[in-house]
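Novice: This is input-v2.txt (compact mmCIF, C-alpha atoms).
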```
# COMPACT_ATOMS: atom_id res chain seq x y z
CA MET A 228 24.24 8.24 42.36
CA ASP A 229 25.96 9.56 45.51
CA TYR A 230 27.36 12.50 43.57
CA LEU A 231 23.95 13.17 42.03
CA ILE A 232 22.44 13.36 45.52
CA ILE A 233 25.19 15.74 46.66
CA ALA A 234 24.78 17.98 43.62
CA THR A 235 20.98 18.05 43.95
CA THR A 236 21.15 18.84 47.67
CA LEU A 237 23.58 21.72 47.22
CA LEU A 238 21.73 23.12 44.19
CA VAL A 239 18.35 23.04 45.95
CA SER A 240 19.90 24.63 49.05
CA LEU A 241 21.35 27.44 46.96
CA PHE A 242 18.08 28.25 45.21
CA VAL A 243 16.11 28.09 48.47
CA LEU A 244 18.50 30.57 50.09
CA LEU A 245 18.50 32.91 47.08
CA ALA A 246 14.72 32.71 46.71
CA GLY A 247 14.43 33.58 50.40
CA GLY A 248 16.22 36.86 49.80
CA VAL A 249 19.50 35.86 51.44
CA TRP A 250 22.50 37.86 50.22
CA VAL A 251 24.45 36.05 47.52
CA ALA A 252 27.63 35.95 49.65
CA LEU A 253 25.77 34.47 52.64
CA ALA A 254 23.99 31.99 50.37
CA LEU A 255 27.34 30.78 49.02
CA LEU A 256 28.72 30.46 52.54
CA GLY A 257 25.60 28.60 53.65
CA VAL A 258 25.79 26.09 50.81
CA GLY A 259 29.51 25.65 51.49
CA ILE A 260 28.82 24.87 55.15
CA ILE A 261 26.11 22.36 54.19
CA GLY A 262 28.47 20.67 51.74
CA MET A 263 31.34 20.59 54.25
CA GLU A 264 29.31 19.36 57.22
CA PHE A 265 27.29 16.68 55.45
CA PHE A 266 29.49 15.56 52.55
CA GLY A 267 32.98 17.01 52.96
CA GLY A 268 34.26 15.27 56.06
CA ALA A 269 36.38 18.27 57.11
CA PRO A 270 36.00 20.88 59.90
CA ALA A 271 33.87 23.64 58.41
CA GLY A 272 35.13 26.37 60.75
CA SER A 273 38.83 25.75 60.14
CA ILE A 274 38.35 25.63 56.37
CA LEU A 275 36.37 28.88 56.53
CA ALA A 276 39.25 30.60 58.35
CA THR A 277 41.90 29.46 55.88
CA THR A 278 39.84 30.14 52.75
CA SER A 279 38.87 33.61 54.03
CA TRP A 280 42.55 34.50 54.26
CA ALA A 281 43.35 32.93 50.88
CA ALA A 282 40.47 34.81 49.25
CA SER A 283 41.56 38.21 50.52
CA ALA A 284 45.36 38.08 50.83
CA SER A 285 46.08 38.68 47.16
CA TRP A 286 48.10 41.57 45.76
CA THR A 287 46.34 41.10 42.41
CA LEU A 288 43.00 41.92 43.99
CA THR A 289 44.27 45.41 44.87
CA ALA A 290 43.46 46.41 41.29
CA LEU A 291 39.76 45.78 41.90
CA PRO A 292 38.93 48.63 44.34
CA LEU A 293 41.28 50.97 42.48
CA PHE A 294 39.54 50.49 39.12
CA ILE A 295 36.15 50.79 40.84
CA TRP A 296 37.26 54.06 42.48
CA MET A 297 38.52 55.37 39.13
CA GLY A 298 35.09 54.77 37.60
CA GLU A 299 33.33 56.37 40.57
CA ILE A 300 35.48 59.51 40.25
CA LEU A 301 34.86 59.83 36.51
CA TYR A 302 31.12 59.23 36.98
CA ARG A 303 30.99 62.50 38.96
CA THR A 304 32.85 64.62 36.39
CA ARG A 305 31.68 66.36 33.20
CA LEU A 306 33.33 63.60 31.18
CA SER A 307 30.10 62.24 29.66
CA GLN A 308 28.98 65.73 28.61
CA ASP A 309 32.35 66.43 26.99
CA MET A 310 32.34 63.06 25.25
CA PHE A 311 28.88 63.71 23.77
CA ARG A 312 29.93 67.12 22.47
CA GLY A 313 33.23 65.76 21.15
CA LEU A 314 31.77 62.71 19.39
CA SER A 315 28.48 64.04 18.02
CA PRO A 316 29.92 66.12 15.11
CA TRP A 317 31.80 63.09 13.77
CA VAL A 318 28.83 60.69 13.63
CA ARG A 319 26.23 62.99 12.06
CA GLY A 320 27.14 61.76 8.59
CA LEU A 321 26.56 58.09 9.46
CA PRO A 322 23.17 56.40 9.06
CA GLY A 323 21.72 56.56 12.55
CA ARG A 324 23.54 59.79 13.36
CA LEU A 325 23.64 60.50 17.10
CA LEU A 326 22.62 56.96 18.04
CA HIS A 327 26.26 56.04 17.46
CA VAL A 328 27.25 58.33 20.34
CA ASN A 329 25.73 55.75 22.68
CA VAL A 330 27.97 53.01 21.28
CA LEU A 331 31.18 55.02 20.86
CA GLY A 332 30.71 56.86 24.15
CA CYS A 333 30.19 53.59 26.03
CA GLY A 334 33.21 52.07 24.28
CA ILE A 335 35.43 54.98 25.32
CA PHE A 336 34.14 55.14 28.88
CA ALA A 337 34.46 51.36 29.19
CA ALA A 338 38.19 51.79 28.64
CA VAL A 339 38.45 53.88 31.82
CA SER A 340 35.65 52.42 33.93
CA GLY A 341 35.54 48.61 34.02
CA SER A 342 31.88 48.52 35.04
CA SER A 343 28.89 47.87 32.80
CA ALA A 344 26.33 49.65 34.98
CA ALA A 345 28.61 52.67 35.49
CA THR A 346 29.22 52.90 31.74
CA ALA A 347 25.51 52.83 30.92
CA ALA A 348 24.67 55.32 33.67
CA THR A 349 27.43 57.81 32.82
CA ILE A 350 26.75 57.94 29.09
CA GLY A 351 22.97 57.58 29.43
CA ARG A 352 22.42 60.54 31.74
CA ILE A 353 23.64 62.84 28.93
CA SER A 354 22.76 60.98 25.71
CA LEU A 355 19.20 59.84 26.49
CA PRO A 356 17.80 63.34 27.24
CA GLU A 357 19.62 64.72 24.17
CA LEU A 358 18.29 61.99 21.87
CA LYS A 359 14.76 62.37 23.23
CA GLN A 360 14.86 66.13 22.78
CA ARG A 361 15.99 65.76 19.14
CA GLY A 362 13.21 63.27 18.34
CA TYR A 363 15.03 59.92 18.19
CA PRO A 364 12.81 56.87 18.95
CA ASP A 365 12.95 55.86 22.61
CA ALA A 366 13.23 52.12 21.89
CA ILE A 367 16.39 52.24 19.78
CA ALA A 368 17.95 54.87 22.08
CA MET A 369 17.35 52.71 25.17
CA GLY A 370 18.32 49.46 23.45
CA SER A 371 21.56 50.79 22.03
CA LEU A 372 22.56 52.18 25.43
CA ALA A 373 21.70 48.92 27.22
CA GLY A 374 23.70 46.89 24.71
CA ALA A 375 26.65 49.25 24.47
CA GLY A 376 26.81 49.56 28.25
CA THR A 377 27.87 45.91 28.41
CA LEU A 378 31.14 46.93 26.73
CA GLY A 379 32.21 47.97 30.24
CA LEU A 380 32.69 44.27 30.99
CA LEU A 381 34.65 43.39 27.86
CA ILE A 382 36.84 46.36 26.97
CA PRO A 383 39.71 46.49 29.48
CA PRO A 384 40.18 47.42 32.24
CA SER A 385 37.26 45.22 33.29
CA ILE A 386 36.26 44.44 36.87
CA MET A 387 34.82 41.15 35.63
CA MET A 388 38.17 40.16 34.11
CA ILE A 389 39.86 40.74 37.47
CA VAL A 390 37.28 38.57 39.22
CA TYR A 391 37.62 35.78 36.65
CA GLY A 392 41.41 36.02 36.63
CA VAL A 393 41.59 35.60 40.40
CA ALA A 394 39.00 32.80 40.46
CA ALA A 395 40.49 30.84 37.54
CA GLN A 396 44.17 31.67 38.22
CA VAL A 397 44.60 33.36 34.83
CA SER A 398 46.85 36.37 34.25
CA ILE A 399 44.75 39.54 34.51
CA SER A 400 47.14 41.47 32.26
CA ARG A 401 46.77 38.81 29.53
CA LEU A 402 42.98 38.93 29.97
CA PHE A 403 43.09 42.70 29.47
CA ILE A 404 45.08 42.22 26.28
CA ALA A 405 42.79 39.42 25.06
CA GLY A 406 39.64 41.49 25.58
CA LEU A 407 40.64 44.41 23.35
CA VAL A 408 39.93 42.95 19.90
CA PRO A 409 36.65 41.21 20.88
CA GLY A 410 35.56 44.44 22.56
CA LEU A 411 36.22 46.49 19.44
CA MET A 412 34.54 43.78 17.35
CA LEU A 413 31.39 43.95 19.47
CA LEU A 414 31.42 47.75 19.30
CA THR A 415 31.59 47.49 15.48
CA ILE A 416 28.72 44.97 15.45
CA PHE A 417 26.55 47.33 17.51
CA SER A 418 27.30 50.30 15.24
CA GLY A 419 26.72 48.14 12.15
CA TYR A 420 23.31 47.16 13.47
CA LEU A 421 22.43 50.84 14.05
CA VAL A 422 23.42 51.60 10.45
CA LEU A 423 21.19 48.80 9.10
CA TRP A 424 18.30 49.73 11.42
CA SER A 425 18.43 53.37 10.36
CA LEU A 426 18.53 52.44 6.65
CA PHE A 427 15.32 50.46 7.10
CA ASN A 428 13.75 53.16 9.31
CA ARG A 429 14.83 56.37 7.59
CA ARG A 430 11.76 58.33 8.68
CA SER A 431 12.46 57.57 12.35
CA ILE A 432 15.83 59.36 12.28
CA PRO A 433 15.42 63.14 12.61
CA ASP A 434 17.41 65.60 10.58
CA GLU A 435 20.29 67.35 12.32
CA PRO A 436 20.10 71.11 11.83
CA GLU A 437 23.61 71.75 13.18
CA ARG A 438 26.32 71.53 10.53
CA LEU A 439 29.93 71.95 11.59
CA GLY A 440 32.95 72.34 9.35
CA PHE A 441 36.08 70.22 9.70
CA VAL A 442 37.91 72.84 11.79
CA ASP A 443 34.96 73.14 14.21
CA ARG A 444 34.80 69.37 14.52
CA LEU A 445 38.49 69.29 15.40
CA ARG A 446 37.86 71.91 18.08
CA ARG A 447 35.10 69.73 19.53
CA ALA A 448 37.37 66.68 19.36
CA LYS A 449 39.73 68.40 21.82
CA LEU A 450 37.15 67.59 24.49
CA LEU A 451 38.13 63.92 24.10
CA ILE A 452 41.80 64.54 24.89
CA PRO A 453 41.56 64.01 28.70
CA VAL A 454 39.87 60.62 28.42
CA GLY A 455 42.19 59.69 25.55
CA LEU A 456 45.26 60.40 27.67
CA LEU A 457 43.79 58.39 30.54
CA ILE A 458 43.16 55.40 28.27
CA ILE A 459 46.74 55.58 26.99
CA ALA A 460 48.09 55.83 30.54
CA VAL A 461 46.08 52.87 31.87
CA ILE A 462 45.80 50.46 28.95
CA GLY A 463 48.98 51.56 27.19
CA SER A 464 51.08 50.92 30.29
CA ILE A 465 49.75 47.35 30.48
CA TYR A 466 50.12 46.59 26.76
CA GLY A 467 53.57 48.15 26.70
CA GLY A 468 54.69 45.99 29.61
CA PHE A 469 55.49 49.01 31.78
CA ALA A 470 52.96 48.24 34.51
CA THR A 471 50.97 45.39 36.00
CA ALA A 472 47.19 45.64 36.18
CA THR A 473 47.42 46.82 39.80
CA GLU A 474 49.99 49.51 39.00
CA ALA A 475 47.94 50.66 36.01
CA ALA A 476 44.90 50.94 38.29
CA ALA A 477 46.83 53.27 40.60
CA VAL A 478 47.82 55.37 37.56
CA GLY A 479 44.17 55.45 36.54
CA VAL A 480 43.02 56.75 39.92
CA VAL A 481 45.58 59.56 39.83
CA GLY A 482 44.57 60.41 36.26
CA ALA A 483 40.86 60.42 37.15
CA LEU A 484 41.53 62.75 40.09
CA VAL A 485 43.47 65.10 37.79
CA ILE A 486 40.62 65.13 35.24
CA ALA A 487 38.10 65.84 38.01
CA LEU A 488 40.30 68.61 39.40
CA VAL A 489 40.86 70.29 36.03
CA SER A 490 37.16 70.10 35.12
CA GLY A 491 36.18 71.65 38.45
CA SER A 492 34.25 68.54 39.55
CA LEU A 493 36.58 67.57 42.39
CA THR A 494 35.12 68.85 45.63
CA ARG A 495 35.17 67.44 49.11
CA GLU A 496 31.63 66.12 48.60
CA THR A 497 32.34 64.40 45.26
CA PHE A 498 35.63 62.98 46.55
CA MET A 499 33.95 61.44 49.61
CA ALA A 500 31.01 60.19 47.53
CA SER A 501 33.33 58.49 45.05
CA LEU A 502 35.38 56.96 47.85
CA LEU A 503 32.29 55.70 49.68
CA GLY A 504 30.84 54.29 46.44
CA ALA A 505 34.08 52.43 45.72
CA VAL A 506 34.23 51.06 49.28
CA CYS A 507 30.63 49.79 49.16
CA THR A 508 31.02 48.11 45.76
CA SER A 509 34.41 46.62 46.66
CA CYS A 510 33.13 45.23 49.97
CA MET A 511 30.18 43.63 48.18
CA ILE A 512 32.47 41.97 45.63
CA PHE A 513 34.99 40.83 48.25
CA PHE A 514 32.21 39.37 50.41
CA ILE A 515 30.91 37.38 47.42
CA LEU A 516 34.49 36.35 46.62
CA LEU A 517 34.95 35.03 50.16
CA GLY A 518 31.73 33.00 49.93
CA ALA A 519 32.71 31.66 46.51
CA HIS A 520 36.16 30.58 47.73
CA TYR A 521 34.60 28.76 50.64
CA LEU A 522 32.11 27.03 48.34
CA THR A 523 35.03 26.10 46.07
CA ALA A 524 36.80 24.46 49.00
CA ALA A 525 33.64 22.62 49.98
CA MET A 526 33.20 21.40 46.41
CA SER A 527 36.76 20.10 46.39
CA PHE A 528 36.18 18.09 49.57
CA THR A 529 32.97 16.58 48.16
CA GLY A 530 34.78 15.57 44.95
CA LEU A 531 32.09 17.01 42.65
CA PRO A 532 34.37 18.99 40.27
CA ALA A 533 36.68 16.03 39.67
CA GLU A 534 33.70 13.72 39.16
CA LEU A 535 32.18 16.12 36.62
CA ALA A 536 35.49 16.35 34.75
CA ASP A 537 35.77 12.54 34.66
CA TRP A 538 32.19 12.29 33.42
CA ILE A 539 32.93 14.65 30.53
CA VAL A 540 36.12 12.78 29.64
CA ASP A 541 34.34 9.40 29.72
CA ARG A 542 31.56 10.59 27.43
CA GLN A 543 33.97 12.43 25.15
CA LEU A 544 31.80 15.54 24.97
CA SER A 545 32.99 17.91 22.28
CA PRO A 546 34.10 21.38 23.40
CA TYR A 547 31.28 22.93 21.32
CA LEU A 548 28.62 20.84 23.04
CA LEU A 549 30.05 21.73 26.45
CA LEU A 550 30.11 25.44 25.55
CA LEU A 551 26.50 25.27 24.37
CA ALA A 552 25.40 23.65 27.63
CA LEU A 553 27.34 26.20 29.70
CA THR A 554 25.89 29.08 27.66
CA LEU A 555 22.34 27.93 28.38
CA LEU A 556 23.23 27.54 32.07
CA PHE A 557 24.71 31.05 32.28
CA VAL A 558 21.76 32.65 30.47
CA VAL A 559 19.36 31.03 32.95
CA LEU A 560 21.52 32.10 35.91
CA GLY A 561 21.66 35.61 34.43
CA CYS A 562 17.93 35.94 34.96
CA PHE A 563 18.48 35.73 38.72
CA LEU A 564 22.10 36.68 39.53
CA ASP A 565 24.55 39.46 38.67
CA GLY A 566 27.61 38.73 36.55
CA ILE A 567 30.16 38.64 39.38
CA SER A 568 28.03 36.14 41.32
CA ILE A 569 27.66 33.96 38.22
CA ILE A 570 31.41 33.79 37.64
CA LEU A 571 32.29 33.12 41.27
CA LEU A 572 29.46 30.64 41.77
CA THR A 573 30.27 28.47 38.76
CA THR A 574 34.05 28.67 38.44
CA ALA A 575 34.77 26.02 41.08
CA VAL A 576 32.56 23.46 39.38
CA ILE A 577 33.13 24.09 35.69
CA MET A 578 36.88 24.82 35.49
CA PRO A 579 37.96 21.16 35.77
CA ALA A 580 35.39 20.29 33.11
CA VAL A 581 36.55 23.11 30.83
CA GLU A 582 40.18 22.03 31.21
CA ALA A 583 39.22 18.39 30.60
CA ALA A 584 37.57 19.41 27.33
CA GLY A 585 40.85 21.06 26.22
CA ILE A 586 39.47 24.62 26.18
CA ASP A 587 41.99 27.43 26.66
CA LEU A 588 41.23 29.17 29.97
CA LEU A 589 42.28 32.58 28.62
CA TRP A 590 39.90 32.25 25.67
CA PHE A 591 37.18 30.86 27.93
CA GLY A 592 37.45 33.92 30.17
CA ILE A 593 36.55 36.23 27.28
CA PHE A 594 33.80 33.87 26.14
CA LEU A 595 32.39 33.75 29.67
CA ILE A 596 32.41 37.54 29.95
CA LEU A 597 30.50 37.78 26.67
CA ILE A 598 27.87 35.41 28.07
CA VAL A 599 27.74 37.37 31.32
CA GLU A 600 27.15 40.50 29.21
CA MET A 601 23.88 38.89 28.17
CA ALA A 602 22.95 38.65 31.85
CA GLN A 603 23.26 42.44 32.13
CA ILE A 604 20.29 42.88 29.78
CA THR A 605 18.09 39.91 30.73
CA PRO A 606 15.14 40.49 33.08
CA PRO A 607 14.41 40.40 35.93
CA VAL A 608 17.95 41.03 37.31
CA GLY A 609 19.69 42.77 34.41
CA PHE A 610 21.59 45.66 36.00
CA ASN A 611 21.74 47.68 32.78
CA LEU A 612 17.97 47.42 32.49
CA PHE A 613 17.60 48.87 35.99
CA VAL A 614 20.00 51.70 35.15
CA ILE A 615 18.10 52.68 32.01
CA GLN A 616 14.76 52.31 33.78
CA SER A 617 15.93 54.77 36.43
CA LEU A 618 17.14 57.21 33.73
CA THR A 619 13.99 57.08 31.62
CA GLY A 620 11.18 56.19 34.02
CA ARG A 621 9.95 53.51 31.57
CA ASP A 622 8.79 50.12 32.80
CA LEU A 623 11.28 47.25 32.87
CA GLY A 624 9.43 45.29 30.17
CA ALA A 625 9.76 48.12 27.64
CA VAL A 626 13.47 48.47 28.36
CA ALA A 627 13.97 44.70 28.05
CA ARG A 628 12.14 44.56 24.70
CA ALA A 629 14.25 47.44 23.39
CA SER A 630 17.41 45.57 24.45
CA LEU A 631 16.45 42.25 22.82
CA PRO A 632 18.17 42.86 19.44
CA PHE A 633 21.41 43.70 21.23
CA PHE A 634 21.13 40.48 23.24
CA GLY A 635 21.12 38.69 19.88
CA LEU A 636 24.16 40.67 18.72
CA ILE A 637 26.12 39.54 21.79
CA VAL A 638 25.14 35.95 20.98
CA LEU A 639 26.50 36.56 17.45
CA ALA A 640 29.80 37.84 18.89
CA ALA A 641 30.08 34.72 21.09
CA ILE A 642 29.53 32.51 18.03
CA ILE A 643 32.19 34.41 16.06
CA ILE A 644 34.92 34.04 18.70
CA THR A 645 33.99 30.36 19.09
CA ALA A 646 34.39 29.78 15.35
CA PHE A 647 37.55 31.93 15.19
CA PRO A 648 39.31 31.70 18.60
CA ASP A 649 42.37 33.54 17.28
CA ILE A 650 40.32 36.75 17.52
CA VAL A 651 40.87 36.41 21.27
CA LEU A 652 44.25 34.71 21.39
CA PHE A 653 46.41 36.29 18.70
CA LEU A 654 47.08 39.58 20.51
CA PRO A 655 48.14 37.99 23.85
CA GLN A 656 50.36 35.56 21.93
CA MET A 657 51.92 38.39 19.94
CA VAL A 658 52.57 40.51 23.04
CA HIS A 659 53.91 37.49 24.91
CA THR A 660 56.29 36.44 22.14
CA SER A 661 57.53 40.00 21.66
```
Translate the structure described by the file into structure tokens.

Specialist:
Amino acid sequence: MDYLIIATTLLVSLFVLLAGGVWVALALLGVGIIGMEFFGGAPAGSILATTSWAASASWTLTALPLFIWMGEILYRTRLSQDMFRGLSPWVRGLPGRLLHVNVLGCGIFAAVSGSSAATAATIGRISLPELKQRGYPDAIAMGSLAGAGTLGLLIPPSIMMIVYGVAAQVSISRLFIAGLVPGLMLLTIFSGYLVLWSLFNRRSIPDEPERLGFVDRLRRAKLLIPVGLLIIAVIGSIYGGFATATEAAAVGVVGALVIALVSGSLTRETFMASLLGAVCTSCMIFFILLGAHYLTAAMSFTGLPAELADWIVDRQLSPYLLLLALTLLFVVLGCFLDGISIILLTTAVIMPAVEAAGIDLLWFGIFLILIVEMAQITPPVGFNLFVIQSLTGRDLGAVARASLPFFGLIVLAAIIITAFPDIVLFLPQMVHTS
């Protein structure tokens, strides 16, 4: 009963602070202070000082601002325009035609961005006007972009994987390796859905007047070479064991600057804008990380995580039942919080329970990111919905309804990796053993 009172008090405090418009980082700090002062029995100020240092003094975290900066640089180049022109000739023969550019373009940009919102914004600012001009239905164009934009979280390098890796003490490089196959699987599921949708809605797909021969398509494909080389440099260096995630991030920044320079997009203004954007986003994430670490410490002093783990062990909850309960929790939280806040807010409490249930933390990281992807397209705080709303001018409800089928497809992907966990684990195991 004592632990129930503690949990209720902290949970109510958190929702009151968030509902009052308090920043997520400050809300986490506030709840941590309440837990420490009333239930922890330790000096709140001293613990705050030590956890602040522990949260920030990490070489691994250096990869975070670097990958964010890489995405900011590429966002300001002609990369999305070149990707659309390079991909479009190759998908015209598929049912759904240019709708697949949304999925493939987001998948490619995800491999050099790491951000869901940046992926959706970069591809959408070129593809949505083009699709509208050619007569494609707005709903499927918006929905496919919202869904495919979430690939920025799953296909490495992913900012969310770095955050989870630091919070759960899991190797970020192994997370990057583990996310590749599920990311490609989800990309295939999205494209498969577009094929089926277009077969049932043939009249909604306009004819494409432009017909290019094989040689012309190869010429267009040359536009994909810069981003292809960048993917090989960043992801290939990690998979090949030549670089850590942090070193690969530095390579990515240099490569992004070269692409911007060659394309003529690198000016003093774009350089400063990309740098300022990376600083703002990184500071926001680090501030939330600090608050989450402090709340983690407070939780440890109250004994809540250990008590929850013991409760699960005593009741012999199956891993599937625990995953179902956590999925429902994360979907509800996704209606009010962004993905990074969800991971940092819950990790301290659920990790002992997840370990007690015998769930592999590497696999759980990919599962968790899939669930957080759902949060990117759930109203009222789905960031991808906001991005597409700003690109199209449509109301949030219309964008959310268009995204609903892709929410279901992400649920399907989560079910598949739960039924067949080797989809996540076989590649890290193979790289590790080799």

Novice: Have a look at A:Ile386, A:Leu381, A:Leu291, A:Ile567 and name the one nearest to Cys333 of chain A; count only C-alpha atoms.

Specialist: A:Leu381

Novice: Counting all atoms listed in the file, which residue out of A:Leu531, A:Leu325, A:Leu407, A:Ile416 sits closest to Pro579 of chain A?

Specialist: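 Of A:Leu531, A:Leu325, A:Leu407, A:Ile416, the one nearest Pro579 of chain A, counting all atoms listed in the file, is A:Leu531.
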
Novice: Check the smallest atom-to-atom distance from each of A:Val481, A:Leu550, A:Ile232, A:Leu522 to Thr574 of chain A using only C-alpha atoms, then report the winner.

Specialist: A:Leu522

Novice: Atom CA of Leu572 of chain A to atom CA of Trp250 of chain A: how many Å, to one decimal?

Specialist: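 Those two atoms sit 13.1 Å apart.
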
Novice: Let me know the centre plus edge lengths, in Å and rounded to one decimal, of a box with edges along x, y and z that contains all listed atoms of segment 499-516 of chain A and is padded by 6 Å on every side, as lines of an AutoDock Vina configuration file.

Specialist:
```
center_x = 32.8
center_y = 48.9
center_z = 47.7
size_x = 17.2
size_y = 37.1
size_z = 17.4
```

Novice: Do you have the atom CA of Pro546 of chain A-atom CA of Ala646 of chain A distance handy?

Specialist: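 Rounded to one decimal, the two atoms are 11.6 Å apart.
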